[in-house]
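A.B. asks: What follows is work.cif; its format and atoms are mmCIF, C-alpha atoms.
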```
data_target
loop_
_atom_site.label_atom_id
_atom_site.label_comp_id
_atom_site.auth_asym_id
_atom_site.auth_seq_id
_atom_site.Cartn_x
_atom_site.Cartn_y
_atom_site.Cartn_z
CA MET A 974 71.39 187.64 56.73
CA SER A 975 71.72 185.69 59.97
CA LEU A 976 72.93 182.12 60.09
CA VAL A 977 69.43 180.86 60.79
CA GLU A 978 67.99 182.79 57.87
CA ASN A 979 70.80 181.55 55.65
CA LYS A 980 70.11 178.00 56.64
CA LYS A 981 66.40 178.45 56.02
CA LEU A 982 67.15 179.76 52.56
CA ILE A 983 69.31 176.75 51.70
CA TYR A 984 66.57 174.42 52.95
CA ARG A 985 64.12 176.28 50.74
CA TYR A 986 66.37 175.76 47.71
CA LEU A 987 66.81 172.09 48.58
CA SER A 988 63.08 171.60 48.89
CA GLU A 989 62.83 172.55 45.21
CA ILE A 990 64.50 169.20 44.44
CA SER A 991 62.05 166.34 43.98
CA ASP A 992 62.88 162.82 44.95
CA PRO A 993 64.01 161.14 41.72
CA GLU A 994 61.83 158.08 42.38
CA ILE A 995 58.79 159.82 43.87
CA PRO A 996 58.46 163.20 42.13
CA VAL A 997 55.56 164.44 44.30
CA ILE A 998 57.71 164.84 47.37
CA ASN A 999 60.97 166.69 47.75
CA ILE A 1000 64.20 165.56 49.38
CA VAL A 1001 63.63 167.69 52.51
CA GLU A 1002 60.19 166.18 53.09
CA MET A 1003 61.71 162.76 52.48
CA GLY A 1004 64.09 163.38 55.40
CA VAL A 1005 67.17 162.82 53.27
CA VAL A 1006 68.64 166.26 54.11
CA ARG A 1007 70.12 165.97 57.60
CA ASP A 1008 72.00 169.24 58.03
CA VAL A 1009 73.33 172.35 56.34
CA LEU A 1010 76.66 173.68 57.58
CA PHE A 1011 78.64 176.77 56.71
CA HIS A 1012 82.43 176.58 56.74
CA GLY A 1013 83.39 180.12 55.78
CA SER A 1014 82.43 180.45 52.15
CA LYS A 1015 82.10 176.68 51.87
CA LEU A 1016 78.77 174.96 52.17
CA GLU A 1017 78.38 171.42 53.47
CA ILE A 1018 75.18 169.49 52.94
CA LYS A 1019 74.71 166.32 54.96
CA LEU A 1020 72.51 163.70 53.36
CA THR A 1021 71.46 160.27 54.54
CA PRO A 1022 70.36 157.41 52.27
CA THR A 1023 66.91 155.90 52.71
CA TYR A 1024 68.37 152.45 52.04
CA SER A 1025 72.08 151.49 51.98
CA GLY A 1026 71.86 150.64 48.31
CA CYS A 1027 69.47 153.39 47.24
CA PRO A 1028 70.37 153.96 43.57
CA ALA A 1029 68.89 157.45 43.64
CA MET A 1030 71.56 158.66 46.08
CA ASP A 1031 74.18 159.59 43.49
CA MET A 1032 71.58 161.47 41.53
CA ILE A 1033 70.41 163.34 44.62
CA ASN A 1034 74.02 164.37 45.36
CA GLN A 1035 74.32 165.70 41.85
CA LEU A 1036 71.00 167.54 41.95
CA VAL A 1037 71.96 169.21 45.25
CA GLU A 1038 75.24 170.43 43.81
CA GLU A 1039 73.61 171.66 40.61
CA LYS A 1040 70.84 173.46 42.46
CA LEU A 1041 73.17 175.28 44.83
CA HIS A 1042 75.63 176.16 42.08
CA SER A 1043 72.76 177.68 40.13
CA LYS A 1044 71.91 179.78 43.20
CA GLY A 1045 75.44 181.15 43.28
CA TYR A 1046 77.10 178.92 45.86
CA VAL A 1047 80.48 178.07 44.35
CA SER A 1048 81.86 175.66 46.90
CA VAL A 1049 79.42 172.91 47.85
CA ALA A 1050 80.38 169.62 49.48
CA VAL A 1051 77.85 166.84 49.91
CA THR A 1052 78.65 164.34 52.64
CA LEU A 1053 76.87 161.10 53.45
CA VAL A 1054 75.90 160.35 57.05
CA TYR A 1055 74.47 157.08 58.33
CA LYS A 1056 73.60 158.01 61.86
CA PRO A 1057 70.86 158.29 62.92
CA ALA A 1058 69.56 155.77 60.39
CA TRP A 1059 66.85 157.12 58.13
CA THR A 1060 63.36 156.24 59.21
CA THR A 1061 59.87 156.70 57.80
CA ASP A 1062 59.01 158.20 61.21
CA TRP A 1063 60.51 161.47 59.91
CA MET A 1064 57.78 161.83 57.32
CA SER A 1065 55.18 164.39 58.27
CA ASP A 1066 51.46 163.65 57.98
CA GLU A 1067 51.33 166.10 55.11
CA THR A 1068 54.04 164.15 53.25
CA LYS A 1069 52.17 160.92 53.87
CA GLU A 1070 49.04 162.48 52.40
CA LYS A 1071 50.97 163.50 49.30
CA LEU A 1072 52.20 159.93 48.89
CA ALA A 1073 48.67 158.57 49.19
CA ARG A 1074 47.33 161.06 46.63
CA TYR A 1075 50.11 159.98 44.27
CA GLY A 1076 49.00 156.34 44.60
CA ILE A 1077 51.57 155.07 47.08
CA ALA A 1078 50.19 153.83 50.39
CA PRO A 1079 52.17 155.66 53.12
CA PRO A 1080 53.91 153.81 55.97
CA VAL A 1081 51.52 152.76 58.71
CA GLY A 1082 52.55 153.41 62.31
CA LYS A 1083 55.89 154.27 63.84
CA VAL A 1084 59.03 152.20 63.91
CA ALA A 1085 59.12 151.71 67.66
CA SER A 1086 59.79 148.01 67.60
CA LYS A 1087 60.86 145.33 65.17
CA LYS A 1088 57.26 144.16 65.21
CA THR A 1089 56.04 147.35 63.53
CA LEU A 1090 58.86 147.03 61.03
CA LEU A 1091 57.36 143.96 59.43
CA ASN A 1092 53.76 144.71 60.20
CA ASN A 1093 51.73 144.66 57.03
CA GLU A 1094 48.27 144.88 58.50
CA HIS A 1095 45.98 147.84 58.11
CA VAL A 1096 47.45 149.03 54.82
CA SER A 1097 44.69 150.95 53.04
CA CYS A 1098 44.32 151.03 49.28
CA PRO A 1099 45.33 154.52 48.05
CA GLN A 1100 42.74 154.27 45.27
CA CYS A 1101 39.52 153.25 47.03
CA GLY A 1102 40.53 153.40 50.70
CA SER A 1103 39.57 149.81 51.45
CA LYS A 1104 41.50 148.03 54.18
CA ASN A 1105 40.87 144.71 52.48
CA THR A 1106 44.35 144.52 50.93
CA GLU A 1107 46.95 141.83 50.55
CA MET A 1108 50.73 141.89 50.25
CA LYS A 1109 51.97 140.30 47.04
CA SER A 1110 55.66 140.85 47.57
CA MET A 1111 57.70 142.33 50.39
CA PHE A 1112 59.87 144.06 47.78
CA GLY A 1113 58.26 146.34 45.20
CA SER A 1114 59.40 148.67 42.44
CA THR A 1115 62.10 150.12 44.72
CA ALA A 1116 63.77 148.80 47.88
CA CYS A 1117 61.66 151.11 50.03
CA LYS A 1118 58.34 149.78 48.79
CA ALA A 1119 56.33 146.56 48.98
CA LEU A 1120 53.82 145.40 46.39
CA PHE A 1121 50.18 145.17 47.46
CA VAL A 1122 46.91 144.47 45.76
CA CYS A 1123 43.49 145.75 46.81
CA LYS A 1124 40.94 142.95 47.07
CA LYS A 1125 38.04 145.37 46.74
CA CYS A 1126 38.93 147.46 43.67
CA LEU A 1127 41.52 144.90 42.46
CA GLU A 1128 44.15 147.60 41.83
CA PRO A 1129 47.78 146.75 42.56
CA PHE A 1130 49.68 149.45 44.46
CA ASP A 1131 52.98 150.23 46.15
CA TYR A 1132 53.20 150.45 49.93
CA PHE A 1133 55.98 152.54 51.45
CA LYS A 1134 57.46 150.16 54.02
CA CYS A 1135 57.93 151.18 57.62
CA ILE A 1136 61.62 151.27 58.26
CA MET Z 1347 91.84 149.20 68.20
CA ASP Z 1348 94.56 148.75 65.63
CA LYS Z 1349 93.60 150.40 62.34
CA SER Z 1350 94.94 147.56 60.23
CA ASP Z 1351 92.86 145.05 62.22
CA LEU Z 1352 89.74 147.12 61.72
CA PHE Z 1353 90.57 147.42 58.02
CA LYS Z 1354 90.79 143.65 57.66
CA PHE Z 1355 87.58 143.20 59.63
CA CYS Z 1356 85.65 145.63 57.40
CA LEU Z 1357 87.18 144.07 54.30
CA ARG Z 1358 85.97 140.60 55.28
CA LEU Z 1359 82.45 141.75 56.00
CA GLY Z 1360 82.38 144.03 52.95
CA ASP Z 1361 83.62 141.23 50.69
CA SER Z 1362 80.91 138.85 51.86
CA CYS Z 1363 78.24 141.48 51.19
CA LEU Z 1364 79.75 142.30 47.81
CA ILE Z 1365 79.92 138.73 46.56
CA MET Z 1366 76.38 138.00 47.73
CA ALA Z 1367 75.21 141.17 45.99
CA HIS Z 1368 76.77 139.90 42.76
CA ARG Z 1369 75.15 136.49 43.11
CA GLN Z 1370 71.80 138.15 43.77
CA SER Z 1371 72.25 140.39 40.73
CA GLU Z 1372 72.50 137.20 38.68
CA MET Z 1373 68.93 136.42 39.80
CA CYS Z 1374 67.77 139.40 37.73
CA SER Z 1375 65.44 137.97 35.05
CA ASN Z 1376 65.93 134.50 36.57
CA GLY Z 1377 63.45 134.70 39.45
CA PRO Z 1378 60.62 132.15 39.53
CA PHE Z 1379 58.06 134.89 38.81
CA LEU Z 1380 58.14 138.62 38.23
CA GLU Z 1381 57.46 139.84 41.79
CA GLU Z 1382 60.04 137.48 43.23
CA ASP Z 1383 62.54 138.44 40.56
CA ILE Z 1384 62.24 142.02 41.80
CA ALA Z 1385 62.46 140.91 45.44
CA GLN Z 1386 65.63 138.90 44.79
CA THR Z 1387 67.37 141.78 43.06
CA ASN Z 1388 66.26 144.14 45.81
CA LEU Z 1389 68.00 141.88 48.34
CA GLY Z 1390 71.11 142.22 46.19
CA LEU Z 1391 70.76 145.99 46.11
CA ASP Z 1392 70.67 146.24 49.91
CA LEU Z 1393 73.78 144.07 50.14
CA LEU Z 1394 75.56 146.14 47.50
CA GLY Z 1395 74.84 149.28 49.50
CA GLN Z 1396 76.17 147.66 52.67
CA ALA Z 1397 79.25 146.43 50.80
CA GLU Z 1398 79.91 149.89 49.41
CA ALA Z 1399 79.66 151.58 52.81
CA LEU Z 1400 81.93 148.96 54.42
CA LEU Z 1401 84.52 149.06 51.63
CA ILE Z 1402 84.62 152.86 51.53
CA TYR Z 1403 85.38 152.74 55.25
CA ALA Z 1404 87.93 149.95 54.76
CA ALA Z 1405 89.73 151.96 52.08
CA LYS Z 1406 89.83 154.96 54.40
CA LEU Z 1407 91.19 152.88 57.29
CA GLU Z 1408 93.87 151.39 55.08
CA GLY Z 1409 95.00 154.87 54.13
CA LYS Z 1410 97.05 153.83 51.14
CA GLY Z 1411 95.11 155.80 48.59
CA ARG Z 1412 93.07 152.86 47.36
CA THR Z 1413 89.39 153.57 46.78
CA SER Z 1414 86.47 151.20 47.34
CA ASP Z 1415 86.38 150.68 43.56
CA ASP Z 1416 90.06 149.66 43.62
CA LEU Z 1417 89.22 147.12 46.31
CA VAL Z 1418 86.35 145.70 44.28
CA TYR Z 1419 87.84 145.68 40.80
CA LYS Z 1420 91.58 145.35 41.27
CA ARG Z 1421 92.09 142.53 43.72
CA PRO Z 1422 92.77 138.98 42.61
CA GLU Z 1423 90.87 136.01 44.00
CA ARG Z 1424 93.36 135.22 46.75
CA ASP Z 1425 92.94 138.72 48.19
CA PHE Z 1426 89.19 138.33 48.70
CA TYR Z 1427 87.99 137.30 52.15
CA ASN Z 1428 84.29 136.60 51.66
CA PHE Z 1429 82.90 133.39 53.11
CA MET Z 1430 82.84 130.48 50.69
CA LEU Z 1431 79.10 130.20 51.29
CA THR Z 1432 78.54 133.61 49.69
CA GLU Z 1433 80.18 132.65 46.38
CA GLN Z 1434 78.18 129.44 45.88
CA PRO Z 1435 76.25 129.59 42.62
CA ASN Z 1436 72.50 129.93 42.05
CA THR Z 1437 72.26 126.26 41.10
CA ASP Z 1438 68.51 126.59 41.41
CA PHE Z 1439 66.19 128.95 43.26
CA ALA Z 1440 66.39 126.84 46.43
CA PHE Z 1441 70.19 127.24 46.55
CA ALA Z 1442 69.90 131.01 46.30
CA VAL Z 1443 67.24 131.05 49.04
CA VAL Z 1444 69.19 128.82 51.43
CA ARG Z 1445 72.49 130.65 50.92
CA GLN Z 1446 70.88 134.05 51.53
CA TYR Z 1447 68.76 132.80 54.42
CA ILE Z 1448 71.75 131.48 56.36
CA MET Z 1449 73.74 134.63 55.62
CA ALA Z 1450 70.82 136.84 56.71
CA LEU Z 1451 70.83 135.08 60.09
CA TYR Z 1452 74.58 135.60 60.30
CA LEU Z 1453 74.43 139.29 59.32
CA ASP Z 1454 71.58 139.94 61.73
CA LYS Z 1455 73.84 138.94 64.63
CA VAL Z 1456 76.87 140.76 63.22
CA TYR Z 1457 75.04 144.05 62.67
CA GLU Z 1458 73.25 143.82 66.00
CA THR Z 1459 76.64 143.60 67.71
CA LEU Z 1460 78.18 146.35 65.60
CA SER Z 1461 75.28 148.72 66.17
CA ASN Z 1462 76.52 149.15 69.75
CA VAL Z 1463 80.24 149.66 69.16
CA ASP Z 1464 82.12 152.82 69.89
CA ASP Z 1465 82.84 153.59 66.25
CA GLU Z 1466 80.50 156.13 64.66
CA THR Z 1467 80.91 154.88 61.09
CA LEU Z 1468 80.52 151.17 61.79
CA SER Z 1469 77.64 151.58 64.21
CA GLY Z 1470 75.90 153.86 61.70
CA ILE Z 1471 76.28 151.35 58.88
CA ALA Z 1472 75.12 148.53 61.18
CA LEU Z 1473 72.02 150.33 62.49
CA LYS Z 1474 70.91 151.01 58.96
CA ALA Z 1475 71.71 147.53 57.67
CA LEU Z 1476 69.99 145.88 60.61
CA LYS Z 1477 66.60 147.16 59.47
CA GLU Z 1478 67.23 145.92 55.95
CA ILE Z 1479 68.38 142.50 57.10
CA SER Z 1480 65.27 142.02 59.21
CA TYR Z 1481 63.28 142.12 55.95
CA HIS Z 1482 65.72 139.66 54.33
CA LYS Z 1483 65.39 137.25 57.22
CA SER Z 1484 61.64 137.32 57.15
CA HIS Z 1485 61.36 137.06 53.36
CA LEU Z 1486 63.88 134.24 52.99
CA GLY Z 1487 62.56 132.36 56.02
CA MET Z 1488 59.14 132.49 54.37
CA TRP Z 1489 60.65 130.89 51.25
CA VAL Z 1490 62.37 128.11 53.19
CA THR Z 1491 59.01 127.23 54.77
CA ARG Z 1492 57.11 127.60 51.52
CA LEU Z 1493 59.49 125.37 49.57
CA GLY Z 1494 60.00 122.84 52.35
CA ASP Z 1495 56.31 122.52 53.12
CA GLY Z 1496 55.35 122.78 49.44
CA THR Z 1497 55.36 120.09 46.82
CA GLU Z 1498 57.37 116.90 46.88
CA GLU Z 1499 59.79 118.39 44.39
CA SER Z 1500 60.24 121.77 46.12
CA HIS Z 1501 60.75 119.91 49.41
CA GLU Z 1502 63.44 117.73 47.92
CA ARG Z 1503 65.21 120.61 46.21
CA VAL Z 1504 65.39 122.83 49.28
CA GLN Z 1505 66.55 119.89 51.40
CA THR Z 1506 69.26 119.20 48.81
CA ALA Z 1507 70.31 122.84 48.95
CA PHE Z 1508 70.68 122.67 52.74
CA ASN Z 1509 72.61 119.39 52.51
CA GLU Z 1510 74.96 120.65 49.81
CA LEU Z 1511 75.63 124.04 51.37
CA TRP Z 1512 75.98 122.78 54.92
CA MET Z 1513 79.75 122.23 54.71
CA PHE Z 1514 80.21 126.00 54.26
CA VAL Z 1515 78.38 126.98 57.45
CA GLY Z 1516 81.32 126.16 59.73
CA GLU Z 1517 83.24 129.20 58.48
CA LEU Z 1518 80.59 131.51 59.91
CA TYR Z 1519 81.50 130.62 63.50
CA GLU Z 1520 85.15 129.75 63.04
CA GLU Z 1521 87.64 131.95 64.90
CA ASP Z 1522 91.10 133.11 63.93
CA GLU Z 1523 93.40 135.58 65.64
CA LEU Z 1524 91.65 138.61 64.19
CA ASP Z 1525 88.23 137.32 65.28
CA LEU Z 1526 89.48 136.93 68.84
CA LYS Z 1527 90.82 140.49 68.83
CA MET Z 1528 87.51 141.81 67.52
CA GLN Z 1529 85.59 139.81 70.12
CA HIS Z 1530 87.81 141.22 72.82
CA ALA Z 1531 87.00 144.76 71.64
CA GLY Z 1532 83.27 143.98 71.60
CA PHE Z 1533 83.01 144.15 67.79
CA ALA Z 1534 82.01 140.51 67.39
CA VAL Z 1535 80.35 137.70 69.32
CA SER Z 1536 82.19 134.50 70.12
CA GLY Z 1537 82.15 131.60 67.71
CA ASP Z 1538 80.10 129.60 70.20
CA GLU Z 1539 77.49 132.32 70.49
CA MET Z 1540 77.28 132.66 66.70
CA LYS Z 1541 76.98 128.91 66.29
CA SER Z 1542 74.17 128.55 68.79
CA HIS Z 1543 72.36 131.57 67.29
CA LEU Z 1544 72.55 130.07 63.78
CA PHE Z 1545 71.62 126.55 64.84
CA SER Z 1546 68.66 127.56 66.97
CA GLU Z 1547 67.23 129.84 64.26
CA ILE Z 1548 67.81 127.30 61.51
CA SER Z 1549 66.45 124.36 63.44
CA SER Z 1550 63.20 126.12 64.36
CA CYS Z 1551 62.75 127.25 60.76
CA LEU Z 1552 63.49 123.79 59.37
CA THR Z 1553 61.03 122.15 61.74
CA LYS Z 1554 58.33 124.51 60.51
CA ALA Z 1555 59.36 123.76 56.93
CA THR Z 1556 59.20 119.97 57.53
CA LEU Z 1557 62.88 119.75 56.62
CA SER Z 1558 65.68 118.10 58.52
CA ILE Z 1559 68.94 119.61 59.73
CA PRO Z 1560 71.72 118.14 57.59
CA GLU Z 1561 73.84 115.51 59.26
CA SER Z 1562 77.11 116.81 60.58
CA VAL Z 1563 79.61 116.91 57.80
CA TYR Z 1564 83.18 118.04 57.39
CA MET Z 1565 83.19 121.83 57.60
CA THR Z 1566 85.41 123.42 55.01
CA THR Z 1567 87.64 126.37 55.86
CA GLY Z 1568 90.01 128.81 54.19
CA SER Z 1569 88.29 132.04 53.09
CA LYS Z 1570 89.85 134.00 55.94
CA LYS Z 1571 93.18 133.24 54.29
CA GLY Z 1572 91.87 133.99 50.81
CA ILE Z 1573 91.26 130.37 49.85
CA HIS Z 1574 88.08 129.82 47.89
CA THR Z 1575 86.01 127.35 45.94
CA GLU Z 1576 86.38 127.34 42.16
CA TYR Z 1577 83.29 129.54 41.76
CA LEU Z 1578 84.83 132.79 42.99
CA GLY Z 1579 87.30 133.00 40.11
CA TYR Z 1580 84.53 132.86 37.52
CA LEU Z 1581 82.45 135.36 39.44
CA LEU Z 1582 85.33 137.85 39.60
CA THR Z 1583 86.10 137.37 35.91
CA GLU Z 1584 82.65 138.64 35.15
CA MET Z 1585 82.47 141.28 37.87
CA GLN Z 1586 85.90 142.73 37.03
CA TYR Z 1587 85.59 142.37 33.26
CA LEU Z 1588 85.48 146.04 32.42
CA GLN Z 1589 88.45 147.06 34.56
CA ARG Z 1590 90.47 144.14 33.22
CA ALA Z 1591 89.68 144.95 29.59
CA TYR Z 1592 89.99 148.73 29.98
CA PRO Z 1593 92.19 149.42 33.02
CA ASP Z 1594 91.18 152.55 34.93
CA ALA Z 1595 88.17 153.17 32.69
CA ASN Z 1596 86.09 155.91 34.23
CA TRP Z 1597 82.96 157.86 33.36
#
```
Once you've parsed the file, please lay out its structure as structure tokens.
C.D. replies:
Amino acid sequence: MSLVENKKLIYRYLSEISDPEIPVINIVEMGVVRDVLFHGSKLEIKLTPTYSGCPAMDMINQLVEEKLHSKGYVSVAVTLVYKPAWTTDWMSDETKEKLARYGIAPPVGKVASKKTLLNNEHVSCPQCGSKNTEMKSMFGSTACKALFVCKKCLEPFDYFKCI
Amino acid sequence: MDKSDLFKFCLRLGDSCLIMAHRQSEMCSNGPFLEEDIAQTNLGLDLLGQAEALLIYAAKLEGKGRTSDDLVYKRPERDFYNFMLTEQPNTDFAFAVVRQYIMALYLDKVYETLSNVDDETLSGIALKALKEISYHKSHLGMWVTRLGDGTEESHERVQTAFNELWMFVGELYEEDELDLKMQHAGFAVSGDEMKSHLFSEISSCLTKATLSIPESVYMTTGSKKGIHTEYLGYLLTEMQYLQRAYPDANW
């Protein structure tokens, strides 16, 4: 198998791991997997945290090791990289759709400027689609989400913050 | 850049983040309402993550085999270099808000500067933290305005918090030998620049909040030499409890 094929295979294995907080998307879709490197028989997986204090990070490390061990890779090292900083811009449209179907409003827009970062307008309700929504708290059930409520169907929901 | 200087620099910043994270963790179940309780602890979580990254790097720079956990759990009070402001207790919600608001303004400047330095690890940590801090700044600034321009009682309490905590602000723009070295290397802004950044941000926020800037008071100093207010000792007693009771416990 060529290096490229090998790498593809590892990515396929890693995409079998769901995000511990958001089980409908996997860690590759989430953009947490930054690189896969081969050092002889050793495998190095580079991960980046979504937030500095993301409590799911340790668990993700563990799941990556377990998964690759189960696929026959004996020597696996997981390293943490901070640069470039994780951004919701890496999420594909398909991933965003999955989030919305799961009941989490996906990030709106791209993080081009600080203005977008804190922009809470135009967040649609993932239940009824109404744009008549209101932010209740900038910090929701996890650091990466804000708490919103829909003024039309009155359902509360999580919004995945642009970061 | 001398490695031991960079170690001390990361230790100072990491300690401030760590101690704030602990104070914020004390807000858990003590927030004024459920959503804000979660917000307050989330602020703590971000700071804990930043502290961890900075202390892991500090331990590596020191190169004496200590881990970040050793730095957190096995140092006595006099070996901590966090700003005194960060260890001040959550006397009431307004105190927690004011302490974190001022520190968010400080960290915003610090991380902005560090995001451009020629050090992959530090600039990486800073770029990430900068995004998080922008949320802190906005959330806490909202609270200062909301409390200040709220009821008579909330106004009085948040003004008291500013007045009482003001004496600890001087440390944020004070300069010692290490600060000057870091400034020279482009890792930090000058004390004057930090002071004017803090004062201009605070004064525009306080005007909006119908609050007044505290009168100039004696500014306390000492944390850069490991001197602290009485509160740090109690905080560490709780934070380090497990390692003190069961040395080297691991799981």
A.B. asks: Spell out the residues picked by the PyMOL selection byres ((chain Z) within 9 of (chain A)) here, as an MDAnalysis selection string.
C.D. replies: chainID Z and resid 1381:1382 1384:1386 1388:1399 1466:1467 1469:1471 1473:1475 1477:1478 1480:1481 1484:1485
A.B. asks: Please list as a VMD selection string every residue within 12 Å of A:Val977, counting all atoms listed in the file and excluding residues in the same chain fewer than 6 positions away.
C.D. replies: chain A and resid 983 to 984 1009 to 1011
A.B. asks: I need the output of the PyMOL selection byres ((chain Z and resi 1523) around 12) for this file as a list in words; which residues are they?
C.D. replies: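 After applying the PyMOL selection byres ((chain Z and resi 1523) around 12), what remains is Asp1351, Lys1354, Phe1355, Glu1520, Glu1521, Asp1522, Leu1524, Asp1525, Leu1526, Lys1527, Met1528, Gln1529, His1530, Lys1570 and Lys1571 of chain Z.
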A.B. asks: Can you tell me, as an MDAnalysis selection string, what residues are no more than 8 Å from stretch 1065-1076 of chain A when counting only C-alpha atoms, ignoring any on the same chain fewer than 4 positions away?
C.D. replies: chainID A and resid 997:998 1002:1003 1080 1099:1100 1130:1131
A.B. asks: So, with only C-alpha atoms as the atoms that count, which of Z:Gly1360, Z:Pro1378, Z:Pro1560, Z:Pro1422 lies closest to Z:Ala1404?
C.D. replies: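 The shortest atom-to-atom distance to Z:Ala1404 comes from Z:Gly1360.
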A.B. asks: For the PyMOL selection byres ((chain A and resi 1032) around 12), applied here, can you spell out every residue it catches as number ranges by chain?
C.D. replies: A: 990-994, 1000, 1022, 1027-1031, 1033-1039, 1051
A.B. asks: Could the residues in this selection be saved with C-alpha atoms as a short mmCIF file (atom, residue, chain, number, x, y, z; two decimals), in the frame of the given file?
C.D. replies:
```
data_model
loop_
_atom_site.label_atom_id
_atom_site.label_comp_id
_atom_site.auth_asym_id
_atom_site.auth_seq_id
_atom_site.Cartn_x
_atom_site.Cartn_y
_atom_site.Cartn_z
CA ILE A 990 64.50 169.20 44.44
CA SER A 991 62.05 166.34 43.98
CA ASP A 992 62.88 162.82 44.95
CA PRO A 993 64.01 161.14 41.72
CA GLU A 994 61.83 158.08 42.38
CA ILE A 1000 64.20 165.56 49.38
CA PRO A 1022 70.36 157.41 52.27
CA CYS A 1027 69.47 153.39 47.24
CA PRO A 1028 70.37 153.96 43.57
CA ALA A 1029 68.89 157.45 43.64
CA MET A 1030 71.56 158.66 46.08
CA ASP A 1031 74.18 159.59 43.49
CA ILE A 1033 70.41 163.34 44.62
CA ASN A 1034 74.02 164.37 45.36
CA GLN A 1035 74.32 165.70 41.85
CA LEU A 1036 71.00 167.54 41.95
CA VAL A 1037 71.96 169.21 45.25
CA GLU A 1038 75.24 170.43 43.81
CA GLU A 1039 73.61 171.66 40.61
CA VAL A 1051 77.85 166.84 49.91
#
```
A.B. asks: Give me, please, the distance in Å between atom CA of A:Lys1019 and atom CA of A:Ser975, quoted to one decimal.
C.D. replies: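 Separating atom CA of A:Lys1019 from atom CA of A:Ser975 is a distance of 20.2 Å.
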A.B. asks: Of the candidates Z:Met1488, Z:Val1463, Z:Cys1356, Z:Met1565, which one gets nearest to Z:Tyr1519 if we count only C-alpha atoms?
C.D. replies: Z:Met1565
A.B. asks: Could you check which of Z:Asp1495, Z:Glu1423, Z:Glu1510, Z:Glu1502 is closest to Z:Leu1552, using only C-alpha atoms?
C.D. replies: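 Using only C-alpha atoms, the shortest distance to Z:Leu1552 belongs to Z:Asp1495.
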A.B. asks: So that I can see what lies close to Z:Ala1405, please list as a VMD selection string the residues with an atom at most 10 Å from it, counting only C-alpha atoms and leaving out residues fewer than 2 positions away in the same chain.
C.D. replies: chain Z and resid 1353 1356 to 1357 1400 to 1403 1407 to 1417
A.B. asks: Tell me, in Å to one decimal, how far atom CA of Z:Leu1557 is from atom CA of Z:Gln1446.
C.D. replies: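 Between atom CA of Z:Leu1557 and atom CA of Z:Gln1446 the gap works out to 17.2 Å.
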A.B. asks: To one decimal place, how far is atom CA of A:Met1064 from atom CA of Z:Asp1383 in Å?
C.D. replies: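 Atom-to-atom, atom CA of A:Met1064 and atom CA of Z:Asp1383 are spaced 29.2 Å apart.
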A.B. asks: Using all atoms listed in the file, what residues lie at most 6 Å away from (42.5, 144.5, 49.5) (file coordinates), given as number ranges by chain?
C.D. replies: A: 1104-1107, 1122-1125
A.B. asks: Kindly indicate which residue among Z:Thr1583, Z:Ser1549, Z:Asn1462, Z:Ser1562 lies nearest to Z:Gly1532, using all atoms listed in the file for the distances.
C.D. replies: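 Of Z:Thr1583, Z:Ser1549, Z:Asn1462, Z:Ser1562, the one nearest Z:Gly1532 is Z:Asn1462, counting all atoms listed in the file.
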A.B. asks: Using all atoms listed in the file, can you tell me which of Z:Phe1545, Z:Phe1429, Z:Tyr1564, Z:Phe1441 comes closest to Z:Met1373?
C.D. replies: Z:Phe1441
